[in-house]
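Participant: Structure incoming, see below.
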Amino acid sequence: MKIVILERNSVGLDIDVERFREFGEVEIYPNTVTTEEIAERIKDADIVVSNKAPMNKESLKDAAKLKLICEFATGYDNIDIGYCKSRDIAVCNVRNYSTAMVAQHSFAMALFLIENLHYYDNYVKSGAYGNQSRFSNFDEPFWELEEKTWGIVGMGNIGRKVAKIAESFGCKVIFYSASGNSTCTEYERVDFDTLLKASDILSLHCPLSDRTRNLIDLAAMKKMKKSAVLINVARGPVVNGADLYTALTEGEITAAGLDVLEKEPIAADNPLGRFTDSNRLIITPHMAWASVEARERCVDGVYRNIKNFLAGEPSNVVNG
């Protein structure tokens with residue numbers, strides 16, 4: 001049995017992957033990007049572990065022995081599921097390993113923006129606070145979450161976790177189902193226009209699909225409250241970056257927190273990279289999923305997927 005791990009660095013060097021050697025020969029590569037690299041490295045593989053490396057006909061066609069592709073991820077946008085099914089190659093992902101961390105990061109960004117923490121941290125460290133006569137400073141307004149409306153797109157596991165936390169802060173929670181197939185009954189489901197108009201904070205937790213690509217464009221942001229805060233921890237293309245830049249510069253919304261972008265790492269020509277006011281825009285480098293605990297759960301999930309597959313009891317198969 002030969003296992004090839006194409007993107008070992010994607011889960012961090014602090015997380016052990018040596019446990020996979022109990023299944024057989026293991027080849028480990030720090031990163032694999034091009035189709036040519038992929039094809040060469042997996043040509044003799046029985047099992048491939050990937051993350052973002054394209055898994056399609058061009059990269060897989062010479063991998064005659066390949067039986068299983070495991071993702072160091074929940075999303076499998078990089079895999080041609082139809083082609084894998086035609087080749088009888090099973091595909092497994094890891095579910096729910098990052099739910100707690102993504103929800104936590106959503107609130108970290110929201111609170112950073114709502115409370116103007118960047119401004120106040122700078123105020124103290126600049127010496128301005130030490131030079132004033134009064135004990136407190138609240139020159140830049142900030143707000144409570146209590147009694148605000150927290151809107152959600154995508155009421156899956158992460159969306160529900162966010163909703164539960166928002167409720168604990170005293171928020172009213174509403175949500176929009178982009179697919180129209182949500183079974184959630186715990187929270188009020190609204191149409192898209194209502195979601196935009198009513199939300200004080202709007203957080204995105206939906207998969208990328210034809211329905212959600214560019215869902216949040218300039219037209220949508222013009223329907224939002226000018227005091228609204230947008231949080232995107234879903235997929236970059238759910239928000240039109242150029243339109244968000246326009247919305248921020250023209251005051252259509254107050255602020256945005258992004259952990260994902262249309263192209264990653266950030267492209268040199270992305271206008272959001274020029275928006276330097278961290279009181280109104282915070283961008284993190286697609287790290288909401290990546291707590292130590294979440295990455296450990298992810299690797300452990302892949303380990304269990306391989307173990308179950310070899311035992312004839314496959315789990316988390318997405319093309320079965």
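By convention here, the chains of the structure tokens are called A, B, ... in the order presented, each chain's residues are numbered starting at 1, and ligands are numbered starting at 1 in the order presented.
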Could you pull out the helix (DSSP H, G or I) residues of region 232-295 of chain A, going by DSSP on the backbone, and write them as a compact mmCIF listing (two decimals) with all heavy atoms, in the first residue's frame?
Facilitator:
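Printed below is out.txt as written:
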# COMPACT_ATOMS: atom_id res chain seq x y z
N GLY A 236 -14.16 32.94 -0.51
CA GLY A 236 -13.90 34.28 -0.99
C GLY A 236 -14.86 34.78 -2.04
O GLY A 236 -15.39 35.91 -1.94
N PRO A 237 -15.15 33.98 -3.10
CA PRO A 237 -15.99 34.48 -4.18
C PRO A 237 -17.46 34.69 -3.81
O PRO A 237 -18.23 35.16 -4.65
CB PRO A 237 -15.86 33.37 -5.24
CG PRO A 237 -14.55 32.72 -4.96
CD PRO A 237 -14.45 32.73 -3.47
N VAL A 238 -17.87 34.35 -2.58
CA VAL A 238 -19.23 34.67 -2.16
C VAL A 238 -19.40 36.19 -2.10
O VAL A 238 -20.49 36.72 -2.33
CB VAL A 238 -19.57 34.02 -0.81
CG1 VAL A 238 -20.95 34.46 -0.31
CG2 VAL A 238 -19.51 32.50 -0.91
N GLY A 241 -15.09 41.21 -4.24
CA GLY A 241 -14.11 42.04 -3.56
C GLY A 241 -14.07 43.47 -4.04
O GLY A 241 -13.97 44.40 -3.23
N ALA A 242 -14.14 43.67 -5.34
CA ALA A 242 -14.12 45.03 -5.88
C ALA A 242 -15.35 45.81 -5.41
O ALA A 242 -15.26 47.00 -5.08
CB ALA A 242 -14.05 44.99 -7.40
N ASP A 243 -16.49 45.12 -5.37
CA ASP A 243 -17.71 45.78 -4.90
C ASP A 243 -17.63 46.10 -3.41
O ASP A 243 -18.14 47.14 -2.96
CB ASP A 243 -18.93 44.89 -5.18
CG ASP A 243 -19.33 44.89 -6.64
OD1 ASP A 243 -18.66 45.56 -7.45
OD2 ASP A 243 -20.31 44.21 -6.99
N LEU A 244 -17.00 45.21 -2.64
CA LEU A 244 -16.84 45.49 -1.21
C LEU A 244 -15.96 46.72 -1.01
O LEU A 244 -16.25 47.56 -0.16
CB LEU A 244 -16.24 44.28 -0.50
CG LEU A 244 -15.91 44.48 0.98
CD1 LEU A 244 -17.15 44.90 1.78
CD2 LEU A 244 -15.29 43.22 1.58
N TYR A 245 -14.91 46.84 -1.79
CA TYR A 245 -14.04 48.01 -1.71
C TYR A 245 -14.86 49.29 -1.97
O TYR A 245 -14.75 50.27 -1.23
CB TYR A 245 -12.91 47.90 -2.72
CG TYR A 245 -11.99 49.10 -2.75
CD1 TYR A 245 -10.96 49.23 -1.83
CD2 TYR A 245 -12.16 50.10 -3.70
CE1 TYR A 245 -10.11 50.33 -1.85
CE2 TYR A 245 -11.31 51.21 -3.74
CZ TYR A 245 -10.30 51.32 -2.81
OH TYR A 245 -9.47 52.41 -2.84
N THR A 246 -15.70 49.24 -3.00
CA THR A 246 -16.55 50.39 -3.31
C THR A 246 -17.51 50.68 -2.16
O THR A 246 -17.70 51.83 -1.76
CB THR A 246 -17.34 50.13 -4.61
OG1 THR A 246 -16.42 49.93 -5.68
CG2 THR A 246 -18.25 51.30 -4.93
N ALA A 247 -18.13 49.62 -1.63
CA ALA A 247 -19.10 49.79 -0.54
C ALA A 247 -18.44 50.41 0.69
O ALA A 247 -19.04 51.26 1.36
CB ALA A 247 -19.74 48.45 -0.19
N LEU A 248 -17.22 50.00 0.99
CA LEU A 248 -16.52 50.56 2.14
C LEU A 248 -16.11 52.01 1.90
O LEU A 248 -16.28 52.87 2.77
CB LEU A 248 -15.30 49.70 2.47
CG LEU A 248 -15.58 48.33 3.10
CD1 LEU A 248 -14.31 47.48 3.14
CD2 LEU A 248 -16.17 48.47 4.50
N THR A 249 -15.56 52.28 0.74
CA THR A 249 -15.09 53.65 0.45
C THR A 249 -16.24 54.63 0.32
O THR A 249 -16.09 55.81 0.63
CB THR A 249 -14.23 53.68 -0.83
OG1 THR A 249 -14.97 53.11 -1.92
CG2 THR A 249 -12.94 52.90 -0.64
N PRO A 271 -8.07 45.36 -4.73
CA PRO A 271 -8.18 46.70 -4.13
C PRO A 271 -8.32 46.67 -2.62
O PRO A 271 -7.98 47.66 -1.94
CB PRO A 271 -9.44 47.29 -4.80
CG PRO A 271 -10.23 46.10 -5.25
CD PRO A 271 -9.21 45.07 -5.62
N LEU A 272 -8.81 45.56 -2.06
CA LEU A 272 -8.96 45.49 -0.61
C LEU A 272 -7.61 45.55 0.11
O LEU A 272 -7.54 45.97 1.26
CB LEU A 272 -9.71 44.21 -0.22
CG LEU A 272 -11.17 44.15 -0.69
CD1 LEU A 272 -11.75 42.77 -0.45
CD2 LEU A 272 -12.01 45.22 0.00
N GLY A 273 -6.55 45.14 -0.59
CA GLY A 273 -5.22 45.24 -0.01
C GLY A 273 -4.76 46.68 0.17
O GLY A 273 -3.82 46.95 0.92
N ARG A 274 -5.41 47.61 -0.52
CA ARG A 274 -5.08 49.03 -0.41
C ARG A 274 -5.93 49.75 0.64
O ARG A 274 -5.72 50.92 0.93
CB ARG A 274 -5.27 49.73 -1.76
CG ARG A 274 -4.46 49.14 -2.90
CD ARG A 274 -4.44 50.08 -4.10
NE ARG A 274 -5.76 50.40 -4.60
CZ ARG A 274 -6.40 49.71 -5.53
NH1 ARG A 274 -5.83 48.63 -6.06
NH2 ARG A 274 -7.61 50.07 -5.95
N VAL A 292 -4.83 24.86 16.60
CA VAL A 292 -4.08 23.62 16.82
C VAL A 292 -5.04 22.44 16.96
O VAL A 292 -4.85 21.37 16.37
CB VAL A 292 -3.18 23.74 18.07
CG1 VAL A 292 -2.54 22.39 18.40
CG2 VAL A 292 -2.12 24.80 17.86
N GLU A 293 -6.11 22.65 17.73
CA GLU A 293 -7.07 21.57 17.96
C GLU A 293 -7.76 21.15 16.67
O GLU A 293 -7.96 19.96 16.41
CB GLU A 293 -8.11 21.99 19.00
CG GLU A 293 -7.55 22.30 20.37
CD GLU A 293 -7.18 23.77 20.56
OE1 GLU A 293 -6.98 24.49 19.55
OE2 GLU A 293 -7.11 24.21 21.72
N ALA A 294 -8.14 22.15 15.85
CA ALA A 294 -8.85 21.83 14.61
C ALA A 294 -7.96 21.09 13.63
O ALA A 294 -8.39 20.14 12.97
CB ALA A 294 -9.37 23.12 13.97
N ARG A 295 -6.69 21.50 13.54
CA ARG A 295 -5.78 20.81 12.61
C ARG A 295 -5.49 19.39 13.08
O ARG A 295 -5.37 18.47 12.28
CB ARG A 295 -4.50 21.63 12.45
CG ARG A 295 -4.73 22.90 11.65
CD ARG A 295 -3.46 23.69 11.41
NE ARG A 295 -2.99 24.37 12.60
CZ ARG A 295 -1.85 24.11 13.24
NH1 ARG A 295 -1.04 23.18 12.77
NH2 ARG A 295 -1.51 24.79 14.31
Participant: Within 8 Å of region 186-194 of chain A, counting only C-alpha atoms, which residues show up once you throw out same-chain ones fewer than 3 positions away? Write them as an MDAnalysis selection string, please.
Facilitator: chainID A and resid 173:177 197:198 223
Participant: Go ahead and save the residues from that selection, with C-alpha atoms, as a PDB file, in the first residue's frame.
Facilitator:
ATOM      1  CA  VAL A 173     -30.887  35.587  14.777  1.00  0.00           C
ATOM      2  CA  ILE A 174     -32.307  35.387  11.264  1.00  0.00           C
ATOM      3  CA  PHE A 175     -31.023  33.395   8.314  1.00  0.00           C
ATOM      4  CA  TYR A 176     -31.286  32.952   4.567  1.00  0.00           C
ATOM      5  CA  SER A 177     -30.993  29.590   2.828  1.00  0.00           C
ATOM      6  CA  LYS A 197     -32.116  45.083   5.238  1.00  0.00           C
ATOM      7  CA  ALA A 198     -32.546  43.751   8.780  1.00  0.00           C
ATOM      8  CA  LYS A 223     -29.580  47.233   0.626  1.00  0.00           C
TER       9      LYS A 223
END
Participant: From the options A:Leu111, A:Ala228, A:Val17, A:Leu204, which residue's atoms come nearest to Ala255 (chain A), counting only C-alpha atoms?
Facilitator: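 The shortest atom-to-atom distance to Ala255 (chain A) comes from A:Ala228.
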Participant: Go through A:Ser203, A:Leu113, A:Gly301, A:Glu36 and flag the residue nearest Met155 (chain A), using only C-alpha atoms for the distances.
Facilitator: A:Ser203
Participant: Just to confirm, what's the straight-line distance from CA of Glu264 (chain A) to CA of Pro285 (chain A) in Å (one decimal)?
Facilitator: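 A separation of 8.2 Å between them.
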Participant: At most 7 Å is the cut-off: for each residue in region 59-149 of chain A with any atom that close to an atom of region 159-172 of chain A, write down the nearest atom pair and the distance in Å rounded to one decimal, counting only C-alpha atoms, chain first then increasing number, as CSV.
Facilitator:
residue,atom,partner,partner_atom,distance
A:Ala103,CA,A:Val162,CA,5.3
A:Leu145,CA,A:Phe169,CA,6.1
A:Glu146,CA,A:Gly170,CA,4.3
A:Glu147,CA,A:Cys171,CA,5.0
A:Lys148,CA,A:Cys171,CA,5.0
A:Thr149,CA,A:Lys172,CA,4.7
Participant: Under the rule that only C-alpha atoms are counted, which of A:Ile152, A:Ile47, A:Cys92, A:Ala53 is the nearest residue to Thr32 (chain A)?
Facilitator: A:Ala53
Participant: Would you mind listing what lies within 8 Å of Lys43 (chain A) as a list in words, with only C-alpha atoms counted and same-chain residues fewer than 5 positions away left out?
Facilitator: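 That gives Leu60, Asp62, Ala63, Ala64 and Lys65 of chain A.
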Participant: So how many Å separate CA of Ala219 (chain A) and CA of Val153 (chain A), to one decimal?
Facilitator: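 CA of Ala219 (chain A) sits 16.6 Å away from CA of Val153 (chain A).
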Participant: Output as a list in words all residues of region 70-194 of chain A that backbone DSSP marks as strand (DSSP E).
Facilitator: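 Result set for region 70-194 of chain A (strand (DSSP E)): Cys70, Glu71, Ala90, Val91, Cys92, Thr149, Trp150, Gly151, Ile152, Val153, Lys172, Val173, Ile174, Phe175, Tyr176, Glu188 and Arg189 of chain A.
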Participant: How many Å separate CA of His205 (chain A) from CA of Pro314 (chain A)?
Facilitator: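 Result for CA of His205 (chain A) versus CA of Pro314 (chain A): 27.4 Å, one decimal.
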Participant: Write out as a PyMOL selection string each polymer residue whose atoms come within 10 Å of Ala39 (chain A), counting only C-alpha atoms; drop sequence neighbours fewer than 5 positions from it.
Facilitator: chain A and resi 34+44+55+57-63
Participant: Let me see the file: selected residues, all heavy atoms, as a CSV table (one decimal), in the first residue's frame.
Facilitator:
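File written: again.csv
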chain,number,residue,atom,x,y,z
A,34,THR,N,1.5,22.1,-9.3
A,34,THR,CA,1.2,22.0,-10.7
A,34,THR,C,0.6,20.6,-11.1
A,34,THR,O,0.9,19.6,-10.4
A,34,THR,CB,2.4,22.2,-11.6
A,34,THR,OG1,3.4,21.2,-11.4
A,34,THR,CG2,3.1,23.6,-11.2
A,44,ASP,N,2.1,6.0,-8.9
A,44,ASP,CA,2.1,4.6,-8.3
A,44,ASP,C,1.3,4.6,-7.0
A,44,ASP,O,1.4,3.6,-6.2
A,44,ASP,CB,3.6,4.2,-8.0
A,44,ASP,CG,4.4,4.1,-9.3
A,44,ASP,OD1,3.8,3.7,-10.3
A,44,ASP,OD2,5.6,4.5,-9.3
A,55,MET,N,-7.4,17.6,-8.4
A,55,MET,CA,-7.6,16.2,-8.6
A,55,MET,C,-8.6,16.0,-9.8
A,55,MET,O,-9.8,16.0,-9.5
A,55,MET,CB,-8.1,15.5,-7.4
A,55,MET,CG,-7.2,15.6,-6.1
A,55,MET,SD,-5.8,14.4,-6.1
A,55,MET,CE,-4.5,15.4,-6.6
A,57,LYS,N,-9.0,14.7,-14.3
A,57,LYS,CA,-8.6,13.7,-15.3
A,57,LYS,C,-7.1,13.9,-15.7
A,57,LYS,O,-6.4,13.0,-15.8
A,57,LYS,CB,-9.5,13.8,-16.5
A,57,LYS,CG,-9.1,12.8,-17.6
A,57,LYS,CD,-10.1,12.9,-18.8
A,57,LYS,CE,-9.8,11.8,-19.9
A,57,LYS,NZ,-10.7,11.9,-21.0
A,58,GLU,N,-6.8,15.2,-15.9
A,58,GLU,CA,-5.4,15.5,-16.3
A,58,GLU,C,-4.4,15.0,-15.3
A,58,GLU,O,-3.3,14.5,-15.6
A,58,GLU,CB,-5.3,17.0,-16.6
A,58,GLU,CG,-3.9,17.3,-17.3
A,58,GLU,CD,-3.9,18.8,-17.7
A,58,GLU,OE1,-4.8,19.5,-17.5
A,58,GLU,OE2,-2.8,19.2,-18.2
A,59,SER,N,-4.6,15.3,-14.0
A,59,SER,CA,-3.7,14.9,-13.0
A,59,SER,C,-3.8,13.4,-12.5
A,59,SER,O,-2.8,12.9,-12.0
A,59,SER,CB,-3.8,15.8,-11.8
A,59,SER,OG,-5.1,15.7,-11.2
A,60,LEU,N,-4.9,12.8,-12.8
A,60,LEU,CA,-5.1,11.5,-12.2
A,60,LEU,C,-5.0,10.4,-13.3
A,60,LEU,O,-5.0,9.2,-12.9
A,60,LEU,CB,-6.5,11.4,-11.6
A,60,LEU,CG,-6.8,12.3,-10.4
A,60,LEU,CD1,-8.3,12.2,-10.0
A,60,LEU,CD2,-5.9,12.0,-9.2
A,61,LYS,N,-5.0,10.7,-14.6
A,61,LYS,CA,-5.2,9.7,-15.6
A,61,LYS,C,-4.1,8.6,-15.6
A,61,LYS,O,-4.4,7.5,-16.0
A,61,LYS,CB,-5.3,10.4,-17.0
A,61,LYS,CG,-4.0,11.1,-17.4
A,61,LYS,CD,-4.3,11.7,-18.8
A,61,LYS,CE,-3.0,12.3,-19.5
A,61,LYS,NZ,-2.3,13.3,-18.9
A,62,ASP,N,-2.9,8.9,-15.1
A,62,ASP,CA,-1.9,7.9,-15.1
A,62,ASP,C,-1.7,7.2,-13.8
A,62,ASP,O,-0.9,6.3,-13.6
A,62,ASP,CB,-0.5,8.6,-15.5
A,62,ASP,CG,-0.5,9.1,-16.9
A,62,ASP,OD1,-1.2,8.5,-17.8
A,62,ASP,OD2,0.1,10.1,-17.1
A,63,ALA,N,-2.6,7.5,-12.8
A,63,ALA,CA,-2.6,6.9,-11.5
A,63,ALA,C,-3.5,5.6,-11.5
A,63,ALA,O,-4.6,5.6,-11.0
A,63,ALA,CB,-3.0,7.8,-10.4
Participant: Contacts of Ser86 (chain A) at 12 Å or less, counting only C-alpha atoms, minus same-chain residues fewer than 4 places along, as a PyMOL selection string?
Facilitator: chain A and resi 56-57+60-61+67+80-82+90+319-320
